[in-house]
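Here is the file final23.cif (mmCIF, C-alpha atoms and all ligand atoms).
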```
data_model
#
loop_
_atom_site.label_atom_id
_atom_site.label_comp_id
_atom_site.auth_asym_id
_atom_site.auth_seq_id
_atom_site.Cartn_x
_atom_site.Cartn_y
_atom_site.Cartn_z
CA MET A 1 18.08 -30.63 -25.32
CA GLY A 2 19.01 -27.12 -24.25
CA VAL A 3 19.00 -25.62 -20.80
CA SER A 4 16.02 -25.73 -18.45
CA VAL A 5 15.16 -24.20 -15.09
CA SER A 6 12.51 -25.72 -12.80
CA VAL A 7 11.59 -24.11 -9.49
CA LEU A 8 10.28 -26.88 -7.24
CA ALA A 9 9.51 -24.66 -4.23
CA SER A 10 10.23 -21.08 -3.23
CA GLY A 11 9.56 -19.18 0.00
CA SER A 12 10.32 -19.22 3.71
CA ARG A 13 8.93 -22.78 4.07
CA GLY A 14 11.45 -24.26 1.64
CA ASN A 15 13.47 -23.53 -1.48
CA SER A 16 14.62 -25.91 -4.19
CA ALA A 17 15.14 -25.62 -7.94
CA MET A 18 16.78 -27.48 -10.81
CA VAL A 19 19.11 -26.18 -13.50
CA CYS A 20 19.64 -28.73 -16.26
CA SER A 21 21.58 -29.06 -19.49
CA ALA A 22 21.26 -31.93 -21.94
CA THR A 23 23.64 -34.08 -19.85
CA THR A 24 23.77 -32.51 -16.37
CA ARG A 25 21.11 -31.89 -13.71
CA ILE A 26 21.87 -29.72 -10.68
CA LEU A 27 19.56 -29.34 -7.67
CA VAL A 28 19.97 -25.83 -6.23
CA ASP A 29 19.19 -25.96 -2.48
CA ALA A 30 17.32 -28.72 -0.68
CA GLY A 31 14.86 -26.83 1.52
CA ILE A 32 11.91 -29.21 1.23
CA SER A 33 11.80 -32.79 2.48
CA CYS A 34 13.40 -35.54 0.42
CA ARG A 35 9.99 -37.10 -0.18
CA GLU A 36 8.49 -33.79 -1.36
CA THR A 37 11.55 -33.07 -3.54
CA PHE A 38 11.17 -36.45 -5.27
CA LYS A 39 7.42 -35.97 -5.64
CA ARG A 40 7.80 -32.54 -7.23
CA MET A 41 10.65 -33.70 -9.48
CA LYS A 42 8.55 -36.60 -10.75
CA ALA A 43 5.60 -34.25 -11.37
CA ALA A 44 7.99 -32.13 -13.45
CA GLY A 45 8.99 -35.22 -15.46
CA GLU A 46 12.42 -35.52 -13.80
CA ASP A 47 13.95 -38.70 -12.39
CA PRO A 48 15.71 -38.01 -9.03
CA SER A 49 18.25 -40.75 -9.77
CA HIS A 50 19.48 -38.67 -12.74
CA LEU A 51 20.59 -35.73 -10.55
CA SER A 52 24.30 -34.94 -10.99
CA ALA A 53 24.90 -32.81 -7.88
CA ILE A 54 23.34 -30.57 -5.23
CA VAL A 55 24.63 -27.02 -4.70
CA ILE A 56 23.74 -25.12 -1.52
CA THR A 57 23.43 -21.33 -1.08
CA HIS A 58 23.50 -21.20 2.75
CA GLU A 59 22.62 -23.17 5.88
CA HIS A 60 19.21 -21.69 6.79
CA SER A 61 16.70 -24.49 7.16
CA ASP A 62 14.50 -23.29 4.30
CA HIS A 63 17.48 -24.16 2.04
CA VAL A 64 18.80 -27.38 3.66
CA TYR A 65 15.83 -29.04 5.39
CA GLY A 66 15.91 -32.12 3.12
CA LEU A 67 19.66 -32.18 2.48
CA ALA A 68 20.79 -34.85 4.94
CA THR A 69 18.28 -37.39 3.64
CA LEU A 70 18.85 -36.45 -0.02
CA ALA A 71 22.62 -36.77 0.42
CA LYS A 72 22.24 -40.21 1.96
CA LYS A 73 19.75 -41.49 -0.60
CA LEU A 74 21.31 -40.08 -3.78
CA ASN A 75 25.03 -40.40 -2.95
CA ILE A 76 25.92 -37.59 -5.38
CA PRO A 77 28.38 -34.69 -4.88
CA ILE A 78 27.13 -31.98 -2.48
CA PHE A 79 28.72 -28.57 -3.11
CA MET A 80 28.82 -26.03 -0.28
CA THR A 81 31.31 -23.58 1.19
CA GLY A 82 33.41 -24.71 4.15
CA ALA A 83 31.67 -22.34 6.58
CA THR A 84 28.20 -23.35 5.38
CA HIS A 85 29.09 -27.03 5.76
CA HIS A 86 30.46 -26.45 9.25
CA CYS A 87 27.27 -24.71 10.45
CA TRP A 88 24.96 -27.20 8.78
CA ALA A 89 26.85 -30.26 10.12
CA ARG A 90 26.80 -28.79 13.63
CA SER A 91 23.04 -28.19 13.52
CA ILE A 92 22.40 -31.76 12.32
CA ARG A 93 24.65 -33.13 15.07
CA ASN A 94 22.83 -31.03 17.69
CA ALA A 95 19.46 -32.28 16.46
CA THR A 96 20.30 -35.97 16.00
CA GLY A 97 23.47 -36.58 18.01
CA GLU A 98 25.21 -37.72 14.81
CA PRO A 99 26.98 -35.70 12.13
CA PRO A 100 25.38 -35.93 8.66
CA GLN A 101 26.60 -38.62 6.26
CA VAL A 102 27.94 -36.84 3.18
CA SER A 103 30.25 -39.17 1.30
CA LYS A 104 30.86 -36.79 -1.59
CA LEU A 105 31.29 -33.32 -0.07
CA GLU A 106 32.77 -30.75 -2.49
CA VAL A 107 33.86 -27.52 -0.82
CA PHE A 108 33.84 -24.37 -2.95
CA SER A 109 34.70 -20.72 -2.27
CA ALA A 110 32.66 -17.69 -3.30
CA GLY A 111 34.24 -16.08 -6.34
CA ARG A 112 35.80 -19.31 -7.65
CA ARG A 113 33.99 -21.06 -10.45
CA PHE A 114 33.60 -24.83 -10.55
CA VAL A 115 32.19 -27.29 -13.04
CA VAL A 116 29.47 -29.94 -12.75
CA GLY A 117 29.30 -31.98 -15.96
CA ASP A 118 28.87 -29.41 -18.72
CA ILE A 119 27.50 -26.67 -16.43
CA GLU A 120 29.92 -24.03 -15.16
CA VAL A 121 28.86 -22.70 -11.74
CA MET A 122 29.97 -19.33 -10.37
CA PRO A 123 29.21 -18.74 -6.68
CA PHE A 124 29.26 -15.14 -5.43
CA THR A 125 28.88 -13.60 -1.99
CA ILE A 126 25.51 -12.08 -1.04
CA PRO A 127 24.69 -9.91 2.01
CA HIS A 128 22.61 -12.15 4.30
CA ASP A 129 22.78 -13.21 7.96
CA ALA A 130 24.21 -16.69 7.38
CA ALA A 131 27.77 -18.04 7.76
CA ASP A 132 28.90 -17.68 4.12
CA PRO A 133 25.86 -17.15 1.87
CA VAL A 134 26.13 -17.20 -1.92
CA GLY A 135 24.14 -16.67 -5.09
CA PHE A 136 25.00 -18.55 -8.28
CA THR A 137 25.24 -18.12 -12.00
CA PHE A 138 25.12 -21.22 -14.20
CA HIS A 139 26.56 -21.29 -17.71
CA SER A 140 25.97 -24.00 -20.29
CA GLU A 141 25.39 -24.21 -24.03
CA GLY A 142 25.68 -20.42 -24.34
CA VAL A 143 22.89 -19.85 -21.80
CA LYS A 144 23.42 -18.03 -18.49
CA VAL A 145 21.10 -18.46 -15.50
CA GLY A 146 21.39 -16.28 -12.37
CA PHE A 147 20.02 -17.02 -8.88
CA ALA A 148 20.01 -14.36 -6.14
CA THR A 149 17.68 -14.82 -3.17
CA ASP A 150 18.16 -14.16 0.55
CA LEU A 151 19.96 -10.85 0.28
CA GLY A 152 19.40 -7.63 2.19
CA TYR A 153 20.30 -5.42 -0.78
CA VAL A 154 21.92 -5.78 -4.21
CA PRO A 155 25.59 -4.76 -3.93
CA VAL A 156 27.63 -3.71 -6.95
CA SER A 157 29.45 -7.06 -7.05
CA VAL A 158 26.13 -8.94 -7.31
CA ARG A 159 24.91 -6.55 -10.04
CA ASP A 160 28.07 -7.37 -12.00
CA HIS A 161 27.58 -11.14 -11.66
CA LEU A 162 23.99 -10.89 -12.87
CA ARG A 163 24.81 -9.20 -16.17
CA GLY A 164 23.99 -11.11 -19.34
CA CYS A 165 21.58 -13.63 -17.78
CA ASP A 166 18.98 -15.34 -19.97
CA VAL A 167 17.02 -16.43 -16.90
CA LEU A 168 17.16 -14.35 -13.75
CA LEU A 169 15.68 -15.70 -10.51
CA MET A 170 15.55 -12.86 -7.96
CA GLU A 171 14.17 -12.44 -4.49
CA SER A 172 11.07 -10.25 -4.16
CA ASN A 173 10.47 -11.02 -0.50
CA HIS A 174 8.20 -8.40 0.95
CA ASP A 175 6.18 -5.27 0.49
CA VAL A 176 7.76 -2.82 2.94
CA GLU A 177 4.40 -1.43 4.07
CA MET A 178 2.85 -4.90 4.59
CA LEU A 179 5.91 -5.94 6.61
CA ARG A 180 5.80 -2.73 8.66
CA ILE A 181 2.15 -3.12 9.70
CA GLY A 182 2.14 -6.95 9.64
CA PRO A 183 2.13 -9.48 12.51
CA TYR A 184 5.87 -10.14 12.91
CA PRO A 185 7.53 -9.06 16.17
CA TRP A 186 9.59 -5.92 15.74
CA SER A 187 12.91 -7.78 16.13
CA VAL A 188 12.02 -10.03 13.18
CA LYS A 189 10.84 -7.07 11.11
CA GLN A 190 14.16 -5.38 11.75
CA ARG A 191 16.06 -8.50 10.69
CA VAL A 192 14.10 -8.87 7.44
CA MET A 193 14.52 -5.18 6.58
CA SER A 194 18.23 -5.04 7.43
CA ARG A 195 21.16 -5.00 5.00
CA VAL A 196 21.62 -8.73 5.71
CA GLY A 197 17.93 -9.64 5.57
CA HIS A 198 15.64 -10.06 2.56
CA LEU A 199 15.08 -8.07 -0.61
CA SER A 200 11.85 -6.03 -0.80
CA ASN A 201 9.74 -5.53 -3.92
CA ASP A 202 10.97 -1.90 -3.98
CA ALA A 203 14.65 -2.84 -3.66
CA LEU A 204 14.29 -5.30 -6.53
CA ALA A 205 12.49 -2.64 -8.60
CA GLU A 206 15.38 -0.27 -7.92
CA PHE A 207 17.80 -2.89 -9.27
CA PHE A 208 15.65 -3.32 -12.40
CA CYS A 209 15.56 0.47 -12.93
CA SER A 210 19.28 1.07 -12.44
CA ASP A 211 21.86 -1.65 -13.10
CA TYR A 212 19.90 -4.42 -14.76
CA ASP A 213 20.83 -4.86 -18.42
CA GLY A 214 17.32 -5.95 -19.43
CA GLY A 215 18.51 -8.92 -21.46
CA ALA A 216 16.82 -11.86 -19.73
CA THR A 217 14.10 -13.80 -21.50
CA TYR A 218 12.54 -14.75 -18.16
CA VAL A 219 12.58 -12.99 -14.80
CA ILE A 220 11.42 -15.21 -11.93
CA LEU A 221 10.30 -13.50 -8.73
CA ALA A 222 11.19 -15.80 -5.84
CA HIS A 223 11.19 -16.24 -2.04
CA LEU A 224 7.95 -14.22 -1.68
CA SER A 225 6.79 -13.86 1.92
CA GLU A 226 3.35 -15.36 2.46
CA GLN A 227 2.72 -12.98 5.39
CA ASN A 228 4.24 -9.77 4.09
CA ASN A 229 3.73 -9.80 0.35
CA HIS A 230 1.12 -10.47 -2.27
CA PRO A 231 2.04 -12.04 -5.62
CA GLU A 232 0.24 -9.28 -7.52
CA LEU A 233 2.10 -6.54 -5.60
CA ALA A 234 5.43 -8.20 -6.43
CA ARG A 235 4.47 -8.62 -10.07
CA GLN A 236 3.24 -5.02 -10.41
CA ALA A 237 6.40 -3.59 -8.83
CA ALA A 238 8.64 -5.65 -11.13
CA GLU A 239 6.65 -4.99 -14.30
CA LYS A 240 6.47 -1.27 -13.57
CA ALA A 241 10.24 -1.12 -13.07
CA LEU A 242 10.91 -3.15 -16.22
CA GLY A 243 8.48 -0.96 -18.18
CA PRO A 244 8.38 -1.62 -21.94
CA ARG A 245 11.35 -4.00 -21.55
CA ALA A 246 8.84 -6.56 -20.20
CA ASN A 247 7.24 -8.03 -23.33
CA LEU A 248 6.73 -11.38 -25.06
CA LEU A 249 10.40 -11.70 -26.04
CA HIS A 250 12.14 -10.31 -22.98
CA ASN A 251 11.67 -10.11 -19.22
CA ARG A 252 8.58 -12.30 -19.02
CA VAL A 253 7.79 -12.06 -15.33
CA LEU A 254 6.99 -15.38 -13.60
CA LEU A 255 6.19 -15.98 -9.94
CA ALA A 256 7.75 -18.90 -8.10
CA GLU A 257 5.45 -20.47 -5.55
CA GLN A 258 5.77 -22.23 -2.22
CA SER A 259 3.20 -24.95 -2.66
CA GLU A 260 3.42 -25.73 -6.39
CA PRO A 261 6.38 -26.19 -8.74
CA LEU A 262 6.70 -23.64 -11.52
CA GLU A 263 6.38 -25.10 -14.99
CA ALA A 264 9.88 -25.73 -16.39
CA ILE A 265 11.44 -22.94 -18.44
CA ARG A 266 13.29 -24.23 -21.50
CA LEU A 267 15.80 -22.25 -23.53
ZN ZN B 301 18.31 -17.32 4.48
ZN ZN B 302 15.59 -18.39 2.55
#
```

Is it possible to express this structure as structure tokens?
Ligand SMILES: [Zn+2]
Ligand SMILES: [Zn+2]
Amino acid sequence: MGVSVSVLASGSRGNSAMVCSATTRILVDAGISCRETFKRMKAAGEDPSHLSAIVITHEHSDHVYGLATLAKKLNIPIFMTGATHHCWARSIRNATGEPPQVSKLEVFSAGRRFVVGDIEVMPFTIPHDAADPVGFTFHSEGVKVGFATDLGYVPVSVRDHLRGCDVLLMESNHDVEMLRIGPYPWSVKQRVMSRVGHLSNDALAEFFCSDYDGGATYVILAHLSEQNNHPELARQAAEKALGPRANLLHNRVLLAEQSEPLEAIRL
């Protein structure tokens, strides 16, 4: 019973998570292979055949890598924006010569809420270099969960959507100094640092210090770069910014990982 959040994988090699109520189970992004998704779900005590729907943030491969196979195998509704679907379908067609088989496509628009079972989903626009990228909030049983990864900065509209969350999953992608001196070519560094790139530890800390209401029970740091960040740097930056608001009752900081699922959070 209650609402749970399970992060199956997080990072530039694949992102996928589950938001569940007592009767509804949503997979958020499908960035790891179908086989790996099923394996990690089973390890978390979840049955893939019980999934209600898949919702997609944007078409970058670390968010859709397993989607075509999952859609075919599970035959459940796949929610994405029209522009995201267009780009994703084109890339699958270019790679395989065939468009993907999605029998239950559900097109949504950023800013318009929709419902999956007893979970209300609110997609909102985020600044990122994809066709029509979104973050989500999920509402069920009086619990609000917010997801915002893959964003170059935190605009006012996103700050507004993230108010009142009980679980907040936020990008803490890179340490600016590690990225600056790290191995990426300069063009890639510029992309990551841009207003449509990825959120740094410092930019997330600035959000925590300014507009964040401090009310979440859990704060999950997600989409950490393996090259340009260190989990302890991300944790320290977040905990410093949260200050005394991070304690046993509120703002417990957790780190989502690439290679291991995070133990399910239950509220
Ligand atoms: Zn992306
Ligand atoms: Zn990503």

Fewer than 6 positions away in the same chain doesn't count, so skip those; otherwise give me all residues within 10 Å of region 81-86 of chain A, counting all atoms listed in the file, as a compact mmCIF listing (two decimals) with C-alpha atoms, in the frame of the given file.
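Contents of the output file around_19.txt:
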```txt
# COMPACT_ATOMS: atom_id res chain seq x y z
CA VAL A 55 24.63 -27.02 -4.70
CA ILE A 56 23.74 -25.12 -1.52
CA THR A 57 23.43 -21.33 -1.08
CA HIS A 58 23.50 -21.20 2.75
CA GLU A 59 22.62 -23.17 5.88
CA HIS A 60 19.21 -21.69 6.79
CA LEU A 105 31.29 -33.32 -0.07
CA GLU A 106 32.77 -30.75 -2.49
CA VAL A 107 33.86 -27.52 -0.82
CA PHE A 108 33.84 -24.37 -2.95
CA SER A 109 34.70 -20.72 -2.27
CA ALA A 110 32.66 -17.69 -3.30
CA PRO A 123 29.21 -18.74 -6.68
CA ALA A 130 24.21 -16.69 7.38
CA ALA A 131 27.77 -18.04 7.76
CA ASP A 132 28.90 -17.68 4.12
CA PRO A 133 25.86 -17.15 1.87
CA VAL A 134 26.13 -17.20 -1.92
```

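One distance worth recording is that between CA of Ala53 (chain A) and CA of Leu204 (chain A), which is 29.5 Å.
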
*asked:* Counting all atoms listed in the file, what are the residues, protein, DNA or RNA alike, that approach ligand ZN 302 (chain B) to within 7 Å? I want them as a ChimeraX atom specification.
replied: /A:11-12,15,60,62-63,150,223

TODO: Pick out the residues sitting within 9 Å of Arg159 (chain A), and hand them over as a ChimeraX atom specification; count all atoms listed in the file, and ignore anything fewer than 6 positions along from it in its own chain.
DONE: /A:207,211-212

Residues near Val7 (chain A), cut-off 7 Å, all atoms listed in the file, skip fewer than 2 positions along chain, as JSON, numbers by chain
{"A": [5, 9, 16, 17, 18, 256, 261, 262]}

Selection to disk with C-alpha atoms, as a short mmCIF file (atom, residue, chain, number, x, y, z; two decimals), in the coordinates of the input:
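Printed below is part29.cif as written:
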```
data_model
loop_
_atom_site.label_atom_id
_atom_site.label_comp_id
_atom_site.auth_asym_id
_atom_site.auth_seq_id
_atom_site.Cartn_x
_atom_site.Cartn_y
_atom_site.Cartn_z
CA VAL A 5 15.16 -24.20 -15.09
CA ALA A 9 9.51 -24.66 -4.23
CA SER A 16 14.62 -25.91 -4.19
CA ALA A 17 15.14 -25.62 -7.94
CA MET A 18 16.78 -27.48 -10.81
CA ALA A 256 7.75 -18.90 -8.10
CA PRO A 261 6.38 -26.19 -8.74
CA LEU A 262 6.70 -23.64 -11.52
#
```

*Which is closest to ligand ZN 301 (chain B) among A:Ser10, A:Gln258, A:Asn228, A:Thr96, if we use only C-alpha atoms and all ligand atoms?*
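Of A:Ser10, A:Gln258, A:Asn228, A:Thr96, the one nearest ligand ZN 301 (chain B), counting only C-alpha atoms and all ligand atoms, is A:Ser10.
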
When you look at Ala44 (chain A) with a cut-off of 8 Å (counting all atoms listed in the file), what residues show up, excluding the ones that are within fewer than 6 positions of it in the same chain? I need them as a short mmCIF file (atom, residue, chain, number, x, y, z; two decimals) with C-alpha atoms, in the coordinates of the input.
```
data_model
loop_
_atom_site.label_atom_id
_atom_site.label_comp_id
_atom_site.auth_asym_id
_atom_site.auth_seq_id
_atom_site.Cartn_x
_atom_site.Cartn_y
_atom_site.Cartn_z
CA SER A 6 12.51 -25.72 -12.80
CA PRO A 261 6.38 -26.19 -8.74
CA GLU A 263 6.38 -25.10 -14.99
CA ALA A 264 9.88 -25.73 -16.39
#
```

Selected residue, from A:Val28, A:Leu179, A:Ile126, A:Leu168, that lies nearest to ligand ZN 301 (chain B) when counting only C-alpha atoms and all ligand atoms |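 Selected residue with least distance to ligand ZN 301 (chain B): A:Ile126.
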
If I take CA of Met178 (chain A) and CA of Phe136 (chain A), how far is one from the other in Å, to one decimal?
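Between CA of Met178 (chain A) and CA of Phe136 (chain A) the gap is 29.0 Å.
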
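Here CA of Gly215 (chain A) and CA of Arg113 (chain A) stand 22.5 Å from one another.
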
>> So that I can see what lies close to Met41 (chain A), please list as a list in words the residues with an atom at most 9 Å from it, counting all atoms listed in the file and leaving out residues fewer than 4 positions away in the same chain.
In response: Ser6, Leu8, Met18, Glu36, Thr37, Gly45, Glu46, Asp47, Pro48 and Pro261 of chain A

Counting all atoms listed in the file, the residue among A:Arg180, A:His198, A:His50, A:Arg40 that lies closest to ligand ZN 301 (chain B) is A:His198

As AutoDock Vina command-line options, please: the centre and edge lengths in Å, to one decimal, of an axis-aligned box enclosing every listed atom of region 191-208 of chain A with 8 Å added on each side.
```
--center_x 15.7 --center_y -5.2 --center_z -0.9 --size_x 27.9 --size_y 25.8 --size_z 39.1
```

Nearest to ligand ZN 301 (chain B), chosen from A:Glu171, A:Glu141, A:Glu226, A:Asp129, with all atoms listed in the file counted in the distances: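 Under the stated criterion, the closest residue is A:Asp129.
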
Atoms kept (N, CA, C and O atoms) for region 161-188 of chain A, as a tab-separated table (two decimals), in the first residue's frame:
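Output file part-v3.tsv is given in full below:
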```tsv
chain	number	residue	atom	x	y	z
A	161	HIS	N	6.61	23.97	-10.37
A	161	HIS	CA	6.08	22.60	-10.44
A	161	HIS	C	6.61	21.73	-9.31
A	161	HIS	O	5.94	20.78	-8.89
A	162	LEU	N	7.82	22.01	-8.84
A	162	LEU	CA	8.45	21.13	-7.86
A	162	LEU	C	8.09	21.48	-6.41
A	162	LEU	O	8.58	20.83	-5.49
A	163	ARG	N	7.21	22.45	-6.23
A	163	ARG	CA	6.80	22.77	-4.85
A	163	ARG	C	5.92	21.66	-4.28
A	163	ARG	O	5.11	21.07	-4.99
A	164	GLY	N	6.12	21.40	-3.00
A	164	GLY	CA	5.23	20.48	-2.28
A	164	GLY	C	5.51	19.00	-2.55
A	164	GLY	O	4.67	18.16	-2.26
A	165	CYS	N	6.69	18.68	-3.08
A	165	CYS	CA	6.99	17.26	-3.35
A	165	CYS	C	7.40	16.53	-2.06
A	165	CYS	O	8.10	17.09	-1.22
A	166	ASP	N	6.96	15.27	-1.96
A	166	ASP	CA	7.39	14.41	-0.85
A	166	ASP	C	8.65	13.65	-1.22
A	166	ASP	O	9.45	13.29	-0.36
A	167	VAL	N	8.80	13.36	-2.51
A	167	VAL	CA	10.05	12.78	-3.04
A	167	VAL	C	10.46	13.64	-4.22
A	167	VAL	O	9.66	13.92	-5.11
A	168	LEU	N	11.71	14.06	-4.21
A	168	LEU	CA	12.21	14.93	-5.27
A	168	LEU	C	13.43	14.27	-5.88
A	168	LEU	O	14.43	14.05	-5.18
A	169	LEU	N	13.33	13.88	-7.16
A	169	LEU	CA	14.47	13.29	-7.86
A	169	LEU	C	15.02	14.38	-8.79
A	169	LEU	O	14.32	14.83	-9.70
A	170	MET	N	16.25	14.81	-8.52
A	170	MET	CA	16.83	15.95	-9.25
A	170	MET	C	18.18	15.58	-9.85
A	170	MET	O	18.96	14.85	-9.24
A	171	GLU	N	18.46	16.18	-10.98
A	171	GLU	CA	19.77	15.96	-11.60
A	171	GLU	C	20.88	16.67	-10.82
A	171	GLU	O	20.73	17.82	-10.42
A	172	SER	N	21.98	15.94	-10.60
A	172	SER	CA	23.19	16.54	-10.03
A	172	SER	C	24.32	16.02	-10.90
A	172	SER	O	25.09	15.16	-10.50
A	173	ASN	N	24.40	16.51	-12.13
A	173	ASN	CA	25.16	15.85	-13.19
A	173	ASN	C	26.67	15.93	-13.02
A	173	ASN	O	27.36	14.92	-13.14
A	174	HIS	N	27.16	17.15	-12.79
A	174	HIS	CA	28.62	17.28	-12.81
A	174	HIS	C	29.13	18.30	-11.81
A	174	HIS	O	28.40	19.19	-11.38
A	175	ASP	N	30.39	18.13	-11.46
A	175	ASP	CA	31.13	19.13	-10.74
A	175	ASP	C	31.77	20.02	-11.81
A	175	ASP	O	32.46	19.50	-12.70
A	176	VAL	N	31.52	21.31	-11.75
A	176	VAL	CA	31.95	22.20	-12.84
A	176	VAL	C	33.46	22.11	-13.06
A	176	VAL	O	33.93	22.06	-14.20
A	177	GLU	N	34.21	22.04	-11.98
A	177	GLU	CA	35.68	22.01	-12.08
A	177	GLU	C	36.15	20.68	-12.70
A	177	GLU	O	37.02	20.67	-13.58
A	178	MET	N	35.54	19.57	-12.28
A	178	MET	CA	35.91	18.27	-12.86
A	178	MET	C	35.59	18.24	-14.35
A	178	MET	O	36.35	17.69	-15.15
A	179	LEU	N	34.44	18.81	-14.73
A	179	LEU	CA	34.08	18.85	-16.15
A	179	LEU	C	35.08	19.71	-16.92
A	179	LEU	O	35.54	19.32	-18.00
A	180	ARG	N	35.44	20.85	-16.33
A	180	ARG	CA	36.31	21.81	-17.02
A	180	ARG	C	37.67	21.19	-17.32
A	180	ARG	O	38.20	21.33	-18.42
A	181	ILE	N	38.24	20.47	-16.34
A	181	ILE	CA	39.59	19.91	-16.54
A	181	ILE	C	39.54	18.45	-17.05
A	181	ILE	O	40.57	17.86	-17.31
A	182	GLY	N	38.33	17.90	-17.19
A	182	GLY	CA	38.18	16.49	-17.54
A	182	GLY	C	38.45	16.18	-19.00
A	182	GLY	O	38.84	17.06	-19.79
A	183	PRO	N	38.23	14.91	-19.40
A	183	PRO	CA	38.67	14.43	-20.72
A	183	PRO	C	37.74	14.77	-21.90
A	183	PRO	O	38.11	14.51	-23.04
A	184	TYR	N	36.56	15.30	-21.65
A	184	TYR	CA	35.64	15.54	-22.77
A	184	TYR	C	36.20	16.57	-23.73
A	184	TYR	O	36.85	17.53	-23.31
A	185	PRO	N	35.92	16.41	-25.05
A	185	PRO	CA	36.28	17.48	-25.99
A	185	PRO	C	35.53	18.77	-25.64
A	185	PRO	O	34.45	18.70	-25.05
A	186	TRP	N	36.13	19.90	-26.01
A	186	TRP	CA	35.57	21.17	-25.59
A	186	TRP	C	34.12	21.35	-26.07
A	186	TRP	O	33.28	21.89	-25.35
A	187	SER	N	33.81	20.86	-27.27
A	187	SER	CA	32.44	21.01	-27.79
A	187	SER	C	31.43	20.31	-26.89
A	187	SER	O	30.33	20.81	-26.65
A	188	VAL	N	31.82	19.15	-26.37
A	188	VAL	CA	30.91	18.40	-25.48
A	188	VAL	C	30.81	19.11	-24.13
A	188	VAL	O	29.72	19.23	-23.56
```
